[in-house]
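S.K.: Following this message is one structure expressed as structure tokens.
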Amino acid sequence: MPTFHAGDRLLRRTVRAGGGWTIGLAAVALLGAAAELLLPAFLGRAVDAALTGGSGWWAASAFGLVIVLISVDTLTDLASGFGAARATAGLRRHLLRHLFAVDLRVTSRHPVGDLVGRLVSQAADAGQAGNAVVLAVVAVLPPLGSVVALTILEPVLGVTLLVGLGLLAVLLRAFVTDASTVTAGYQRVLGDIAGRLQESLTGARTIAAAGTTRREQERVLTALPEVGRHGRRGWELLARASARTSAVAPLLNLSVIAVGGYALTAGWLTPGQLVTAVRYAALGAGLGGVLASLNHLVRSRAGAHRLAELLAQPVTPDGDEPLPPGAGALRLRGVSVYADDGRPILDRIDLDVPAGATVAVVGASGAGKTTLAAVAGRLHDPDAGEVLLDGVPLRRLDRAALRRAVGYAFDRPVLIGATVHDAIGLAMPVESATPPADEAAPATPAVLRAARMAAVAEVVDRLPERYRTPVVDAPFSGGEAQRLGLARAFAAERLLILDDAMSSLDSATEHRITRAVTGRGGARTRLVVTHRTATAAAADLVAWLDGGLLRGVAPHRRLWADPDYRAVFQPAGGAS
């Protein structure tokens, strides 16, 4: 229920987001509705004038109203297009900012394909809200205006049309209720399929190697019959509503004509007024525009509710405190992190990482190593306990100061940026991340230094445009991409966190980088998640995790006496 109300609130905000274009659309649509309501009266007067030899002014005026209606159609298309584009862009920016601000555990619960579908497709549907609301409201005005006009012309005619419109309103209300449920289900299942498709494309090599392409196709498209059911149900509802309105409208029209014909024979109406009554009856009974507008409104509402599900997730609040002087002392106090089912991933972890030290984090698969790395640099907050950097809780630190102080490298880095230079300098200050204006200079000194430390400078120098080579044109291997990720992380000022970031490197390259990481005592603190014995042995201390508990903190050589510790490095072990 809270998400339901949040979706409707988002829908209202989206209507306002169209700004001047939505206001302009409303003005133009109202002008069109007024012209539609005036046209039957002018036509009736023109008929009476023609029969009595009167002026042709009414006929000319009716022609002018037709020109107005044609212009209104053109302006409506223009205003609705620009208004929807503005609202959709605002929704996408808002949703994207929110997704980057929420806890990473929240977004990880949704497949990437589903998130992309909401950002692209459902945001576009919701962005039509302003158009749908305006046009739906304005579409009701000609039928209601027809009732008023017929009542003024002859009360019996107004009552006849009103009764028919009441019946049509009941039918349309049922359509809106049923179609909302069907459209929401349709969008949900499409999101599920998009999520599975993204997973399959990511693991395309594994699927090809296993020879399970057909099985994977079936898995991705498992929900396709459900999509078909929702789609057919939606079209059935629309067809049924259209058929009902199509059946009632002619009967309503005939009823008004019959009553109007009797009024003409009784002398209550002139021939011109009968023409006016017939035109108003057609205008009042023609609810096809209302049905189409309601269908668009249903899709917009369903899209807004899908976006509201994500926007309802609380953002991670930023602190406002700067980092005091320090060398990167990291402390975890009673840190616990729980899975969705309540199972502890980390259980009351107390860990001191001295400033400038290198601490290796080891443990069997699922021990909680990656989660420990995530909370150590506030990729997400722990459910209990506190993480402090140089004595300040991470929750209270200014975001910019935190990101300058902490650098991450991952086992499967994503290279973000137009060029290799951009990818390495992503986390650096602007002056270091911006490529030199002089084409002769390959990169800024900071980027060059980071590339050398990560043993990737030689690889970049072999590229056609070196550091200015577009990332999409650079054929990096898995190990080379890891080295670029390491180079990017070296921008950290106080704390460097490597989450199994050297798993794809050959032994010689890993040795070079390990010396670069561990050999600069006092420059920054290092927290290294690893499953390799050599990396653990090179560290000052080893934090040994076992089932979410911190089983020991000591130098590698001391822990090696424990057979359970030695078993962590057996082939069956791996990175969590």
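As shown in the structure tokens, the chain order sets the letters A, B, ...; within each chain, residues go from 1, and ligands are also counted from 1 in the order they appear.
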Per residue of segment 469-498 of chain A within 12 Å of segment 335-355 of chain A, which atom pair is closest and at what distance in Å (one decimal), using only C-alpha atoms, listed by chain and increasing number, as CSV?
M.R.:
```
residue,atom,partner,partner_atom,distance
A:Glu493,CA,A:Ala355,CA,11.9
A:Arg494,CA,A:Ala355,CA,8.4
A:Leu495,CA,A:Ala355,CA,8.7
A:Leu496,CA,A:Ala355,CA,11.3
A:Ile497,CA,A:Val353,CA,11.8
```
S.K.: Those same residues - N, CA and C atoms - I'd like them written as a short mmCIF file (atom, residue, chain, number, x, y, z; two decimals), in the first residue's frame.
M.R.:
```
data_model
loop_
_atom_site.label_atom_id
_atom_site.label_comp_id
_atom_site.auth_asym_id
_atom_site.auth_seq_id
_atom_site.Cartn_x
_atom_site.Cartn_y
_atom_site.Cartn_z
N GLU A 493 44.22 8.35 -1.11
CA GLU A 493 45.19 9.07 -0.29
C GLU A 493 45.54 8.34 1.00
N ARG A 494 44.57 7.55 1.56
CA ARG A 494 44.84 6.96 2.87
C ARG A 494 44.61 5.46 2.96
N LEU A 495 43.60 4.96 2.26
CA LEU A 495 43.23 3.55 2.41
C LEU A 495 43.01 2.94 1.03
N LEU A 496 43.75 1.87 0.76
CA LEU A 496 43.62 1.15 -0.51
C LEU A 496 43.03 -0.23 -0.21
N ILE A 497 41.88 -0.52 -0.82
CA ILE A 497 41.18 -1.79 -0.59
C ILE A 497 41.18 -2.58 -1.89
#
```
S.K.: Need the shell around Ala29 of chain A: protein/DNA/RNA residues with any atom at most 12 Å away, counting only C-alpha atoms. Skip same-chain ones fewer than 6 positions apart. Format as a CSV table (one decimal) with N, CA, C and O atoms, in the first residue's frame?
M.R.:
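See out-v3.csv below for the written result:
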```csv
chain,number,residue,atom,x,y,z
A,21,TRP,N,5.4,23.1,-21.1
A,21,TRP,CA,4.8,22.4,-22.2
A,21,TRP,C,3.5,21.7,-21.8
A,21,TRP,O,2.5,21.7,-22.6
A,22,THR,N,3.4,21.2,-20.6
A,22,THR,CA,2.1,20.6,-20.1
A,22,THR,C,1.0,21.7,-20.0
A,22,THR,O,-0.1,21.5,-20.4
A,23,ILE,N,1.4,22.9,-19.5
A,23,ILE,CA,0.5,24.0,-19.4
A,23,ILE,C,0.0,24.4,-20.8
A,23,ILE,O,-1.2,24.6,-21.1
A,35,ALA,N,-13.7,24.6,-29.3
A,35,ALA,CA,-14.1,24.6,-30.7
A,35,ALA,C,-15.0,23.5,-31.1
A,35,ALA,O,-15.9,23.7,-31.9
A,36,GLU,N,-14.7,22.3,-30.5
A,36,GLU,CA,-15.6,21.2,-30.8
A,36,GLU,C,-17.0,21.4,-30.3
A,36,GLU,O,-18.0,21.0,-30.9
A,68,VAL,N,-9.4,25.9,-36.8
A,68,VAL,CA,-8.9,25.9,-35.4
A,68,VAL,C,-8.6,24.5,-34.9
A,68,VAL,O,-7.5,24.2,-34.3
A,69,LEU,N,-9.5,23.6,-35.2
A,69,LEU,CA,-9.3,22.2,-34.8
A,69,LEU,C,-8.1,21.5,-35.5
A,69,LEU,O,-7.4,20.8,-34.8
A,70,ILE,N,-7.9,21.9,-36.7
A,70,ILE,CA,-6.7,21.3,-37.4
A,70,ILE,C,-5.4,21.9,-36.8
A,70,ILE,O,-4.5,21.1,-36.6
A,71,SER,N,-5.4,23.2,-36.5
A,71,SER,CA,-4.2,23.7,-35.8
A,71,SER,C,-4.0,23.2,-34.4
A,71,SER,O,-2.9,22.9,-34.0
A,72,VAL,N,-5.1,22.9,-33.7
A,72,VAL,CA,-5.0,22.3,-32.4
A,72,VAL,C,-4.4,21.0,-32.4
A,72,VAL,O,-3.5,20.6,-31.6
A,73,ASP,N,-4.7,20.1,-33.4
A,73,ASP,CA,-4.1,18.8,-33.5
A,73,ASP,C,-2.6,18.9,-33.7
A,73,ASP,O,-1.8,18.2,-33.1
A,74,THR,N,-2.1,19.9,-34.5
A,74,THR,CA,-0.7,20.0,-34.7
A,74,THR,C,0.0,20.5,-33.5
A,74,THR,O,1.1,20.0,-33.1
A,75,LEU,N,-0.6,21.5,-32.8
A,75,LEU,CA,0.0,22.0,-31.6
A,75,LEU,C,0.0,21.0,-30.5
A,75,LEU,O,0.9,21.0,-29.6
A,76,THR,N,-1.0,20.2,-30.4
A,76,THR,CA,-1.1,19.2,-29.4
A,76,THR,C,0.0,18.2,-29.5
A,76,THR,O,0.7,17.8,-28.5
A,77,ASP,N,0.3,17.7,-30.8
A,77,ASP,CA,1.4,16.8,-31.0
A,77,ASP,C,2.7,17.4,-30.6
A,77,ASP,O,3.6,16.8,-29.9
A,78,LEU,N,2.9,18.7,-30.9
A,78,LEU,CA,4.2,19.4,-30.5
A,78,LEU,C,4.3,19.5,-29.0
A,78,LEU,O,5.4,19.1,-28.4
A,79,ALA,N,3.3,20.0,-28.3
A,79,ALA,CA,3.4,20.2,-26.9
A,79,ALA,C,3.5,18.9,-26.1
A,79,ALA,O,4.3,18.8,-25.2
A,80,SER,N,2.8,17.9,-26.6
A,80,SER,CA,2.8,16.6,-25.9
A,80,SER,C,4.2,15.9,-26.0
A,80,SER,O,4.7,15.3,-25.1
A,131,ASN,N,0.7,14.3,-20.3
A,131,ASN,CA,-0.1,14.3,-21.5
A,131,ASN,C,-1.4,13.5,-21.3
A,131,ASN,O,-2.5,13.9,-21.7
A,132,ALA,N,-1.2,12.3,-20.6
A,132,ALA,CA,-2.3,11.4,-20.4
A,132,ALA,C,-3.4,12.1,-19.5
A,132,ALA,O,-4.6,12.0,-19.8
A,133,VAL,N,-2.9,12.7,-18.4
A,133,VAL,CA,-3.9,13.4,-17.5
A,133,VAL,C,-4.6,14.5,-18.2
A,133,VAL,O,-5.8,14.7,-18.1
A,134,VAL,N,-3.8,15.4,-18.9
A,134,VAL,CA,-4.4,16.6,-19.6
A,134,VAL,C,-5.4,16.1,-20.6
A,134,VAL,O,-6.6,16.6,-20.7
A,135,LEU,N,-5.0,15.2,-21.5
A,135,LEU,CA,-5.9,14.7,-22.6
A,135,LEU,C,-7.1,13.9,-22.1
A,135,LEU,O,-8.2,14.0,-22.6
A,136,ALA,N,-6.9,13.2,-20.9
A,136,ALA,CA,-8.0,12.4,-20.4
A,136,ALA,C,-9.1,13.4,-19.8
A,136,ALA,O,-10.3,13.2,-20.0
A,137,VAL,N,-8.6,14.4,-19.1
A,137,VAL,CA,-9.5,15.4,-18.5
A,137,VAL,C,-10.3,16.2,-19.7
A,137,VAL,O,-11.5,16.4,-19.6
A,138,VAL,N,-9.5,16.6,-20.6
A,138,VAL,CA,-10.1,17.4,-21.7
A,138,VAL,C,-11.0,16.6,-22.6
A,138,VAL,O,-12.0,17.1,-23.1
A,139,ALA,N,-10.7,15.3,-22.7
A,139,ALA,CA,-11.5,14.4,-23.5
A,139,ALA,C,-12.9,14.2,-22.9
A,139,ALA,O,-13.9,13.9,-23.6
A,140,VAL,N,-13.0,14.5,-21.6
A,140,VAL,CA,-14.3,14.4,-20.9
A,140,VAL,C,-15.2,15.6,-21.2
A,140,VAL,O,-16.4,15.6,-21.1
A,141,LEU,N,-14.5,16.7,-21.5
A,141,LEU,CA,-15.3,18.0,-21.6
A,141,LEU,C,-16.3,18.0,-22.7
A,141,LEU,O,-17.4,18.5,-22.5
A,142,PRO,N,-16.0,17.5,-24.0
A,142,PRO,CA,-17.0,17.5,-25.0
A,142,PRO,C,-18.2,16.7,-24.7
A,142,PRO,O,-19.4,17.3,-24.9
```
S.K.: What lies within 8 Å of Ala427 of chain A using only C-alpha atoms, ignoring chain neighbours under 3 positions off, as a VMD selection string?
M.R.: chain A and resid 403 to 404 407 424 433 488 to 489 491 to 492
S.K.: Going by DSSP on the backbone, which residues of segment 312-410 of chain A come out as helix (DSSP H, G or I)? List them as a list in words.
M.R.: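 Here are the helix (DSSP H, G or I) residues of segment 312-410 of chain A: Lys369, Thr370, Thr371, Leu372, Ala373, Ala374, Val375, Ala376, Leu394, Arg395, Arg396, Arg399, Ala400, Ala401, Leu402, Arg403, Arg404 and Ala405 of chain A.
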S.K.: Considering only C-alpha atoms, can you say which of A:Ser365, A:Thr444, A:Thr160, A:Ser507 comes closest to Gly547 of chain A?
M.R.: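 Of all the options, A:Ser365 lies closest to Gly547 of chain A.
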S.K.: Between atom CA of Leu311 of chain A and atom CA of Ile416 of chain A, what distance in Å does the model show, to one decimal?
M.R.: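 So the two atoms, atom CA of Leu311 of chain A and atom CA of Ile416 of chain A, lie 25.0 Å apart.
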S.K.: If you count only C-alpha atoms, which residues fall within 7 Å of Arg118 of chain A, apart from same-chain ones fewer than 5 positions away, as a PDB file with all heavy atoms, in the first residue's frame?
M.R.:
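Saved as out.pdb:
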```
ATOM      1  N   ALA A 123      10.224   4.482 -17.326  1.00  0.00           N
ATOM      2  CA  ALA A 123      10.358   5.941 -17.187  1.00  0.00           C
ATOM      3  C   ALA A 123       9.699   6.654 -18.366  1.00  0.00           C
ATOM      4  O   ALA A 123       9.076   7.713 -18.195  1.00  0.00           O
ATOM      5  CB  ALA A 123      11.834   6.326 -17.088  1.00  0.00           C
ATOM      6  N   ARG A 306       6.203   1.283 -10.847  1.00  0.00           N
ATOM      7  CA  ARG A 306       7.437   0.491 -10.940  1.00  0.00           C
ATOM      8  C   ARG A 306       8.649   1.335 -10.527  1.00  0.00           C
ATOM      9  O   ARG A 306       9.564   0.848  -9.865  1.00  0.00           O
ATOM     10  CB  ARG A 306       7.618   0.006 -12.377  1.00  0.00           C
ATOM     11  CG  ARG A 306       6.613  -1.029 -12.815  1.00  0.00           C
ATOM     12  CD  ARG A 306       7.081  -2.429 -12.549  1.00  0.00           C
ATOM     13  NE  ARG A 306       8.218  -2.779 -13.394  1.00  0.00           N
ATOM     14  CZ  ARG A 306       8.989  -3.837 -13.176  1.00  0.00           C
ATOM     15  NH1 ARG A 306       8.761  -4.613 -12.137  1.00  0.00           N
ATOM     16  NH2 ARG A 306       9.999  -4.112 -13.984  1.00  0.00           N
ATOM     17  N   LEU A 307       8.673   2.600 -10.913  1.00  0.00           N
ATOM     18  CA  LEU A 307       9.768   3.473 -10.511  1.00  0.00           C
ATOM     19  C   LEU A 307       9.704   3.774  -9.021  1.00  0.00           C
ATOM     20  O   LEU A 307      10.733   3.845  -8.343  1.00  0.00           O
ATOM     21  CB  LEU A 307       9.720   4.783 -11.296  1.00  0.00           C
ATOM     22  CG  LEU A 307       9.843   4.687 -12.820  1.00  0.00           C
ATOM     23  CD1 LEU A 307       9.872   6.088 -13.422  1.00  0.00           C
ATOM     24  CD2 LEU A 307      11.075   3.916 -13.229  1.00  0.00           C
TER      25      LEU A 307
END
```
S.K.: When you look at Ala41 of chain A with a cut-off of 9 Å (counting only C-alpha atoms), what residues show up, excluding the ones that are within fewer than 4 positions of it in the same chain? I need them as a list in words.
M.R.: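 That gives Leu37, Arg45, Ala46, Ala62, Ala149, Gly272, Gln273, Val275, Thr276, Ala277, Arg279 and Tyr280 of chain A.
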S.K.: Among segment 309-353 of chain A, which ones does DSSP place in strand (DSSP E or B), written as a ChimeraX atom specification?
M.R.: /A:315,319,321,330-338,344-353
S.K.: What's around segment 379-394 of chain A at 9 Å? Count only C-alpha atoms, leave out sequence neighbours fewer than 3 positions away in its own chain, and write the answer as a ChimeraX atom specification.
M.R.: /A:102-105,316,319,321-338,346,348-349,355,371,373-376,397-398,402,494-495
S.K.: Return the single residue from A:Met453, A:Leu283, A:Asp473, A:Gly228 that is closest to Val147 of chain A, with distances computed using only C-alpha atoms.
M.R.: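 Ranked by minimum distance to Val147 of chain A, first place goes to A:Leu283.
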